[in-house]
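Visitor: Data: final39.cif, mmCIF, N, CA and C atoms.
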data_my_file
loop_
_atom_site.label_atom_id
_atom_site.label_comp_id
_atom_site.auth_asym_id
_atom_site.auth_seq_id
_atom_site.Cartn_x
_atom_site.Cartn_y
_atom_site.Cartn_z
N THR V 1 50.86 -67.34 -162.41
CA THR V 1 49.83 -68.22 -161.89
C THR V 1 49.74 -68.03 -160.38
N ASP V 2 48.51 -67.86 -159.89
CA ASP V 2 48.32 -67.65 -158.46
C ASP V 2 48.10 -68.99 -157.75
N PRO V 3 47.94 -68.99 -156.42
CA PRO V 3 47.78 -70.24 -155.67
C PRO V 3 46.56 -71.06 -156.09
N ASN V 4 45.58 -70.43 -156.76
CA ASN V 4 44.40 -71.14 -157.22
C ASN V 4 44.53 -71.62 -158.66
N ALA V 5 45.74 -71.59 -159.18
CA ALA V 5 46.05 -72.01 -160.55
C ALA V 5 45.40 -71.11 -161.60
N LYS V 6 45.15 -69.86 -161.26
CA LYS V 6 44.60 -68.88 -162.20
C LYS V 6 45.76 -68.05 -162.75
N THR V 7 45.72 -67.76 -164.03
CA THR V 7 46.84 -67.11 -164.69
C THR V 7 46.51 -65.69 -165.11
N THR V 8 47.45 -64.79 -164.88
CA THR V 8 47.40 -63.44 -165.42
C THR V 8 48.33 -63.42 -166.62
N THR V 9 47.84 -62.86 -167.73
CA THR V 9 48.60 -62.85 -168.98
C THR V 9 49.06 -61.43 -169.30
N GLN V 10 50.32 -61.30 -169.71
CA GLN V 10 50.91 -60.01 -170.05
C GLN V 10 51.40 -60.08 -171.50
N THR V 11 51.04 -59.08 -172.32
CA THR V 11 51.50 -58.97 -173.69
C THR V 11 52.33 -57.70 -173.82
N TYR V 12 53.35 -57.74 -174.68
CA TYR V 12 54.26 -56.61 -174.86
C TYR V 12 54.26 -56.15 -176.31
N ASP V 13 54.56 -54.86 -176.53
CA ASP V 13 54.66 -54.35 -177.90
C ASP V 13 56.07 -54.60 -178.44
N ASN V 14 56.36 -54.07 -179.63
CA ASN V 14 57.66 -54.31 -180.27
C ASN V 14 58.83 -53.68 -179.52
N TRP V 15 58.56 -52.74 -178.62
CA TRP V 15 59.61 -52.08 -177.84
C TRP V 15 59.69 -52.66 -176.43
N CYS V 16 59.06 -53.82 -176.23
CA CYS V 16 59.07 -54.54 -174.94
C CYS V 16 58.37 -53.77 -173.82
N ARG V 17 57.44 -52.92 -174.20
CA ARG V 17 56.64 -52.20 -173.21
C ARG V 17 55.34 -52.98 -172.99
N PRO V 18 54.83 -53.03 -171.77
CA PRO V 18 53.57 -53.75 -171.54
C PRO V 18 52.45 -53.13 -172.37
N SER V 19 51.65 -53.96 -173.05
CA SER V 19 50.56 -53.44 -173.86
C SER V 19 49.20 -53.98 -173.45
N LEU V 20 49.14 -55.20 -172.93
CA LEU V 20 47.85 -55.77 -172.55
C LEU V 20 48.05 -56.72 -171.38
N THR V 21 47.22 -56.55 -170.35
CA THR V 21 47.23 -57.44 -169.19
C THR V 21 45.81 -57.94 -168.99
N THR V 22 45.66 -59.24 -168.85
CA THR V 22 44.35 -59.82 -168.52
C THR V 22 44.51 -60.65 -167.26
N ASP V 23 43.53 -60.53 -166.36
CA ASP V 23 43.60 -61.30 -165.11
C ASP V 23 42.47 -62.33 -165.08
N PRO V 24 42.55 -63.29 -164.18
CA PRO V 24 41.57 -64.38 -164.14
C PRO V 24 40.13 -63.91 -163.87
N ALA V 25 39.96 -62.77 -163.26
CA ALA V 25 38.61 -62.27 -162.94
C ALA V 25 37.99 -61.52 -164.12
N GLY V 26 38.70 -61.44 -165.23
CA GLY V 26 38.18 -60.75 -166.40
C GLY V 26 38.63 -59.31 -166.53
N GLY V 27 39.49 -58.88 -165.64
CA GLY V 27 40.02 -57.52 -165.72
C GLY V 27 40.98 -57.39 -166.89
N ILE V 28 40.89 -56.27 -167.59
CA ILE V 28 41.76 -56.01 -168.73
C ILE V 28 42.37 -54.63 -168.56
N VAL V 29 43.68 -54.55 -168.77
CA VAL V 29 44.38 -53.27 -168.79
C VAL V 29 45.10 -53.19 -170.13
N SER V 30 44.75 -52.17 -170.92
CA SER V 30 45.36 -51.95 -172.23
C SER V 30 46.21 -50.70 -172.17
N ARG V 31 47.43 -50.78 -172.66
CA ARG V 31 48.33 -49.63 -172.67
C ARG V 31 48.74 -49.32 -174.10
N THR V 32 48.63 -48.05 -174.48
CA THR V 32 49.11 -47.62 -175.78
C THR V 32 50.05 -46.44 -175.58
N TYR V 33 50.94 -46.28 -176.52
CA TYR V 33 51.98 -45.24 -176.44
C TYR V 33 51.83 -44.38 -177.68
N LEU V 34 51.51 -43.11 -177.48
CA LEU V 34 51.09 -42.23 -178.57
C LEU V 34 52.05 -41.08 -178.81
N ASN V 35 52.27 -40.76 -180.08
CA ASN V 35 53.04 -39.59 -180.52
C ASN V 35 54.45 -39.53 -179.95
N PHE V 36 55.11 -40.66 -179.81
CA PHE V 36 56.47 -40.64 -179.29
C PHE V 36 57.37 -39.83 -180.22
N GLY V 37 58.20 -38.98 -179.62
CA GLY V 37 59.10 -38.12 -180.37
C GLY V 37 58.56 -36.70 -180.52
N ASP V 38 57.29 -36.49 -180.27
CA ASP V 38 56.69 -35.16 -180.31
C ASP V 38 56.59 -34.66 -178.86
N ALA V 39 57.48 -33.75 -178.51
CA ALA V 39 57.60 -33.32 -177.11
C ALA V 39 56.31 -32.75 -176.53
N ASP V 40 55.43 -32.23 -177.37
CA ASP V 40 54.19 -31.65 -176.87
C ASP V 40 53.04 -32.66 -176.75
N LEU V 41 53.13 -33.76 -177.47
CA LEU V 41 52.01 -34.69 -177.52
C LEU V 41 52.31 -36.11 -177.06
N GLN V 42 53.58 -36.45 -176.82
CA GLN V 42 53.88 -37.84 -176.46
C GLN V 42 53.28 -38.18 -175.10
N ARG V 43 52.66 -39.37 -175.06
CA ARG V 43 51.95 -39.77 -173.85
C ARG V 43 51.70 -41.27 -173.88
N SER V 44 51.37 -41.78 -172.72
CA SER V 44 50.93 -43.17 -172.63
C SER V 44 49.48 -43.16 -172.17
N ARG V 45 48.70 -44.09 -172.71
CA ARG V 45 47.27 -44.18 -172.39
C ARG V 45 47.00 -45.54 -171.79
N VAL V 46 46.28 -45.55 -170.68
CA VAL V 46 45.90 -46.79 -170.01
C VAL V 46 44.38 -46.86 -169.98
N GLU V 47 43.84 -47.98 -170.48
CA GLU V 47 42.39 -48.20 -170.45
C GLU V 47 42.09 -49.46 -169.64
N THR V 48 41.05 -49.38 -168.83
CA THR V 48 40.63 -50.52 -168.00
C THR V 48 39.14 -50.76 -168.18
N ASN V 49 38.68 -51.90 -167.69
CA ASN V 49 37.25 -52.21 -167.74
C ASN V 49 36.48 -51.07 -167.09
N PRO V 50 35.25 -50.81 -167.57
CA PRO V 50 34.46 -49.74 -166.96
C PRO V 50 34.04 -50.08 -165.53
N ALA V 51 33.82 -49.03 -164.75
CA ALA V 51 33.29 -49.21 -163.40
C ALA V 51 31.87 -49.75 -163.50
N PRO V 52 31.39 -50.45 -162.48
CA PRO V 52 30.02 -50.97 -162.52
C PRO V 52 29.01 -49.85 -162.80
N GLY V 53 28.15 -50.08 -163.75
CA GLY V 53 27.13 -49.10 -164.10
C GLY V 53 27.58 -48.05 -165.09
N ALA V 54 28.85 -48.03 -165.45
CA ALA V 54 29.37 -47.04 -166.40
C ALA V 54 29.43 -47.65 -167.79
N SER V 55 29.38 -46.80 -168.79
CA SER V 55 29.54 -47.27 -170.16
C SER V 55 30.89 -46.80 -170.68
N GLY V 56 31.51 -47.59 -171.48
CA GLY V 56 32.83 -47.25 -172.01
C GLY V 56 33.92 -47.51 -171.00
N ASN V 57 35.12 -47.69 -171.49
CA ASN V 57 36.25 -47.99 -170.62
C ASN V 57 36.68 -46.77 -169.82
N ASP V 58 37.22 -47.02 -168.63
CA ASP V 58 37.91 -45.97 -167.88
C ASP V 58 39.27 -45.79 -168.55
N TRP V 59 39.79 -44.57 -168.56
CA TRP V 59 41.07 -44.34 -169.21
C TRP V 59 41.80 -43.17 -168.54
N SER V 60 43.10 -43.16 -168.74
CA SER V 60 43.93 -42.04 -168.30
C SER V 60 45.10 -41.91 -169.25
N GLU V 61 45.60 -40.70 -169.41
CA GLU V 61 46.76 -40.45 -170.26
C GLU V 61 47.78 -39.65 -169.46
N ALA V 62 49.04 -40.04 -169.59
CA ALA V 62 50.13 -39.33 -168.92
C ALA V 62 51.03 -38.73 -170.00
N TYR V 63 51.11 -37.40 -170.04
CA TYR V 63 51.99 -36.69 -170.97
C TYR V 63 53.34 -36.53 -170.29
N PHE V 64 54.42 -36.75 -171.04
CA PHE V 64 55.74 -36.67 -170.43
C PHE V 64 56.74 -36.01 -171.35
N ASP V 65 57.78 -35.46 -170.75
CA ASP V 65 58.83 -34.78 -171.52
C ASP V 65 59.87 -35.77 -172.01
N GLY V 66 60.92 -35.26 -172.63
CA GLY V 66 61.97 -36.11 -173.19
C GLY V 66 62.75 -36.90 -172.17
N LEU V 67 62.65 -36.55 -170.89
CA LEU V 67 63.34 -37.28 -169.83
C LEU V 67 62.40 -38.24 -169.10
N GLY V 68 61.18 -38.38 -169.60
CA GLY V 68 60.23 -39.30 -169.00
C GLY V 68 59.47 -38.76 -167.81
N ARG V 69 59.58 -37.45 -167.56
CA ARG V 69 58.88 -36.84 -166.42
C ARG V 69 57.46 -36.46 -166.84
N THR V 70 56.49 -36.91 -166.06
CA THR V 70 55.10 -36.58 -166.35
C THR V 70 54.83 -35.13 -165.99
N TYR V 71 54.28 -34.38 -166.95
CA TYR V 71 53.94 -32.98 -166.68
C TYR V 71 52.44 -32.73 -166.73
N LYS V 72 51.67 -33.69 -167.24
CA LYS V 72 50.22 -33.52 -167.28
C LYS V 72 49.56 -34.89 -167.32
N THR V 73 48.45 -35.03 -166.62
CA THR V 73 47.63 -36.24 -166.73
C THR V 73 46.21 -35.81 -167.10
N VAL V 74 45.59 -36.64 -167.91
CA VAL V 74 44.21 -36.43 -168.33
C VAL V 74 43.50 -37.75 -168.11
N LYS V 75 42.31 -37.70 -167.49
CA LYS V 75 41.57 -38.94 -167.29
C LYS V 75 40.09 -38.71 -167.53
N ARG V 76 39.40 -39.81 -167.70
CA ARG V 76 37.97 -39.77 -167.96
C ARG V 76 37.27 -39.06 -166.81
N GLY V 77 36.36 -38.17 -167.16
CA GLY V 77 35.60 -37.45 -166.15
C GLY V 77 34.34 -38.19 -165.74
N PRO V 78 33.57 -37.59 -164.85
CA PRO V 78 32.38 -38.26 -164.31
C PRO V 78 31.22 -38.34 -165.30
N ALA V 79 31.23 -37.50 -166.33
CA ALA V 79 30.14 -37.52 -167.31
C ALA V 79 30.74 -37.58 -168.71
N ALA V 80 29.94 -38.03 -169.65
CA ALA V 80 30.38 -38.12 -171.04
C ALA V 80 30.92 -36.78 -171.53
N GLY V 81 32.07 -36.82 -172.18
CA GLY V 81 32.66 -35.60 -172.71
C GLY V 81 33.46 -34.79 -171.73
N GLN V 82 33.47 -35.19 -170.46
CA GLN V 82 34.26 -34.47 -169.46
C GLN V 82 35.59 -35.16 -169.23
N GLU V 83 36.62 -34.37 -169.03
CA GLU V 83 37.95 -34.89 -168.71
C GLU V 83 38.47 -34.17 -167.48
N ILE V 84 39.28 -34.86 -166.72
CA ILE V 84 39.94 -34.27 -165.55
C ILE V 84 41.41 -34.10 -165.91
N VAL V 85 41.88 -32.86 -165.90
CA VAL V 85 43.26 -32.55 -166.27
C VAL V 85 44.00 -32.11 -165.02
N THR V 86 45.19 -32.70 -164.81
CA THR V 86 46.03 -32.35 -163.68
C THR V 86 47.41 -31.99 -164.22
N LEU V 87 47.92 -30.82 -163.84
CA LEU V 87 49.25 -30.39 -164.26
C LEU V 87 50.22 -30.60 -163.10
N ALA V 88 51.43 -31.04 -163.44
CA ALA V 88 52.46 -31.25 -162.42
C ALA V 88 52.89 -29.91 -161.85
N ALA V 89 53.26 -29.92 -160.59
CA ALA V 89 53.68 -28.69 -159.93
C ALA V 89 55.07 -28.30 -160.34
#
Starting from the file, lay out its structure as structure tokens.

Guide:
Amino acid sequence: TDPNAKTTTQTYDNWCRPSLTTDPAGGIVSRTYLNFGDADLQRSRVETNPAPGASGNDWSEAYFDGLGRTYKTVKRGPAAGQEIVTLAA
């Protein structure tokens, strides 16, 4: 609860990982954890409210190895069907 008595709510999944955050201004952050145990595909996905004038949620995915190190990120691109891929150095 902030000084204006507005509450941010946090929800967790069965593994105690954050899964949903809602703030008093209507912001929503959704987190999902995909393909855990598959070293090539395991990743976490974060979705947020769309930017003004955009359709669909903004999203990003972080692919990580067995030690939790991120080796690739993929995020929504500027146009439908486009993705921005970044590989770790």

Visitor: Near region 1-10 of chain V, within 8 Å and counting all atoms listed in the file, which residues show up once chain neighbours fewer than 3 positions away are dropped, as a PDB file with N, CA and C atoms, in the coordinates of the input?

Guide:
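Output file part_16.pdb follows:
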ATOM      1  N   ASP V  13      54.560 -54.860-176.530  1.00  0.00           N
ATOM      2  CA  ASP V  13      54.660 -54.350-177.900  1.00  0.00           C
ATOM      3  C   ASP V  13      56.070 -54.600-178.440  1.00  0.00           C
ATOM      4  N   PRO V  18      54.830 -53.030-171.770  1.00  0.00           N
ATOM      5  CA  PRO V  18      53.570 -53.750-171.540  1.00  0.00           C
ATOM      6  C   PRO V  18      52.450 -53.130-172.370  1.00  0.00           C
ATOM      7  N   SER V  19      51.650 -53.960-173.050  1.00  0.00           N
ATOM      8  CA  SER V  19      50.560 -53.440-173.860  1.00  0.00           C
ATOM      9  C   SER V  19      49.200 -53.980-173.450  1.00  0.00           C
ATOM     10  N   LEU V  20      49.140 -55.200-172.930  1.00  0.00           N
ATOM     11  CA  LEU V  20      47.850 -55.770-172.550  1.00  0.00           C
ATOM     12  C   LEU V  20      48.050 -56.720-171.380  1.00  0.00           C
ATOM     13  N   THR V  21      47.220 -56.550-170.350  1.00  0.00           N
ATOM     14  CA  THR V  21      47.230 -57.440-169.190  1.00  0.00           C
ATOM     15  C   THR V  21      45.810 -57.940-168.990  1.00  0.00           C
ATOM     16  N   THR V  22      45.660 -59.240-168.850  1.00  0.00           N
ATOM     17  CA  THR V  22      44.350 -59.820-168.520  1.00  0.00           C
ATOM     18  C   THR V  22      44.510 -60.650-167.260  1.00  0.00           C
ATOM     19  N   ASP V  23      43.530 -60.530-166.360  1.00  0.00           N
ATOM     20  CA  ASP V  23      43.600 -61.300-165.110  1.00  0.00           C
ATOM     21  C   ASP V  23      42.470 -62.330-165.080  1.00  0.00           C
ATOM     22  N   PRO V  24      42.550 -63.290-164.180  1.00  0.00           N
ATOM     23  CA  PRO V  24      41.570 -64.380-164.140  1.00  0.00           C
ATOM     24  C   PRO V  24      40.130 -63.910-163.870  1.00  0.00           C
ATOM     25  N   ALA V  25      39.960 -62.770-163.260  1.00  0.00           N
ATOM     26  CA  ALA V  25      38.610 -62.270-162.940  1.00  0.00           C
ATOM     27  C   ALA V  25      37.990 -61.520-164.120  1.00  0.00           C
TER      28      ALA V  25
END

Visitor: Could you check which of V:Glu47, V:Asp58, V:Asp40, V:Glu83 is closest to Ile28 (chain V), using only N, CA and C atoms?

Guide: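 For Ile28 (chain V), the nearest of the candidates is V:Glu47.
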
Visitor: List as a PDB file with N, CA and C atoms, keeping the file's coordinate frame: which residues have an atom within 7 Å of (41.6, -49.7, -171.7), counting only N, CA and C atoms?

Guide:
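Below is the file that was written, result.pdb:
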ATOM      1  N   ILE V  28      40.890 -56.270-167.590  1.00  0.00           N
ATOM      2  CA  ILE V  28      41.760 -56.010-168.730  1.00  0.00           C
ATOM      3  C   ILE V  28      42.370 -54.630-168.560  1.00  0.00           C
ATOM      4  N   VAL V  29      43.680 -54.550-168.770  1.00  0.00           N
ATOM      5  CA  VAL V  29      44.380 -53.270-168.790  1.00  0.00           C
ATOM      6  C   VAL V  29      45.100 -53.190-170.130  1.00  0.00           C
ATOM      7  N   SER V  30      44.750 -52.170-170.920  1.00  0.00           N
ATOM      8  CA  SER V  30      45.360 -51.950-172.230  1.00  0.00           C
ATOM      9  C   SER V  30      46.210 -50.700-172.170  1.00  0.00           C
ATOM     10  N   ARG V  31      47.430 -50.780-172.660  1.00  0.00           N
ATOM     11  CA  ARG V  31      48.330 -49.630-172.670  1.00  0.00           C
ATOM     12  C   ARG V  31      48.740 -49.320-174.100  1.00  0.00           C
ATOM     13  N   ARG V  45      48.700 -44.090-172.710  1.00  0.00           N
ATOM     14  CA  ARG V  45      47.270 -44.180-172.390  1.00  0.00           C
ATOM     15  C   ARG V  45      47.000 -45.540-171.790  1.00  0.00           C
ATOM     16  N   VAL V  46      46.280 -45.550-170.680  1.00  0.00           N
ATOM     17  CA  VAL V  46      45.900 -46.790-170.010  1.00  0.00           C
ATOM     18  C   VAL V  46      44.380 -46.860-169.980  1.00  0.00           C
ATOM     19  N   GLU V  47      43.840 -47.980-170.480  1.00  0.00           N
ATOM     20  CA  GLU V  47      42.390 -48.200-170.450  1.00  0.00           C
ATOM     21  C   GLU V  47      42.090 -49.460-169.640  1.00  0.00           C
ATOM     22  N   THR V  48      41.050 -49.380-168.830  1.00  0.00           N
ATOM     23  CA  THR V  48      40.630 -50.520-168.000  1.00  0.00           C
ATOM     24  C   THR V  48      39.140 -50.760-168.180  1.00  0.00           C
ATOM     25  N   ASN V  49      38.680 -51.900-167.690  1.00  0.00           N
ATOM     26  CA  ASN V  49      37.250 -52.210-167.740  1.00  0.00           C
ATOM     27  C   ASN V  49      36.480 -51.070-167.090  1.00  0.00           C
ATOM     28  N   ASN V  57      35.120 -47.690-171.490  1.00  0.00           N
ATOM     29  CA  ASN V  57      36.250 -47.990-170.620  1.00  0.00           C
ATOM     30  C   ASN V  57      36.680 -46.770-169.820  1.00  0.00           C
ATOM     31  N   ASP V  58      37.220 -47.020-168.630  1.00  0.00           N
ATOM     32  CA  ASP V  58      37.910 -45.970-167.880  1.00  0.00           C
ATOM     33  C   ASP V  58      39.270 -45.790-168.550  1.00  0.00           C
ATOM     34  N   TRP V  59      39.790 -44.570-168.560  1.00  0.00           N
ATOM     35  CA  TRP V  59      41.070 -44.340-169.210  1.00  0.00           C
ATOM     36  C   TRP V  59      41.800 -43.170-168.540  1.00  0.00           C
TER      37      TRP V  59
END

Visitor: Give as a list in words the residues that the PyMOL selection byres ((chain V and resi 74) around 6.5) matches when applied to the coordinates above.

Guide: Trp59, Ser60, Glu61, Ala62, Tyr63, Lys72, Thr73, Lys75, Arg76, Glu83, Ile84, Val85 and Thr86 of chain V

Visitor: If I wrap all listed atoms of region 30-49 of chain V in a box with edges along x, y and z and add 4 Å on each side, what are its centre and edge lengths in Å to one decimal, as AutoDock Vina command-line options?

Guide:
--center_x 47.8 --center_y -41.9 --center_z -173.8 --size_x 30.6 --size_y 28.6 --size_z 21.4

Visitor: Among chain V, which ones does DSSP assign to strand (DSSP E) (computed from the backbone)? Answer as a ChimeraX atom specification.

Guide: /V:9-12,18-22,28-34,43-48,58-64,70-76,83-87

Visitor: If you count all atoms listed in the file, which residues fall within 5 Å of Tyr71 (chain V), apart from same-chain ones fewer than 3 positions away, as JSON, numbers by chain?

Guide: {"V": [63, 64, 87, 88]}

Visitor: At what distance in Å, to one decimal, does CA of Asn14 (chain V) lie from CA of Ala39 (chain V)?

Guide: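 According to the coordinates, CA of Ala39 (chain V) and CA of Asn14 (chain V) are separated by 21.2 Å.
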
Visitor: Tell me, in Å to one decimal, how far atom C of Arg17 (chain V) is from atom N of Asn35 (chain V).

Guide: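 Taking atom C of Arg17 (chain V) as the start and atom N of Asn35 (chain V) as the end point, the length is 14.5 Å.
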
Visitor: Just how far from atom N of Asp65 (chain V) is atom C of Asp38 (chain V), in Å to one decimal?

Guide: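 Between these atoms lies a distance of 8.2 Å.
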
Visitor: Counting all atoms listed in the file, which of V:Pro50, V:Gly37, V:Ala89, V:Ala79 gets nearest to Gly66 (chain V)?

Guide: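 For Gly66 (chain V), the nearest of the given residues is V:Gly37.
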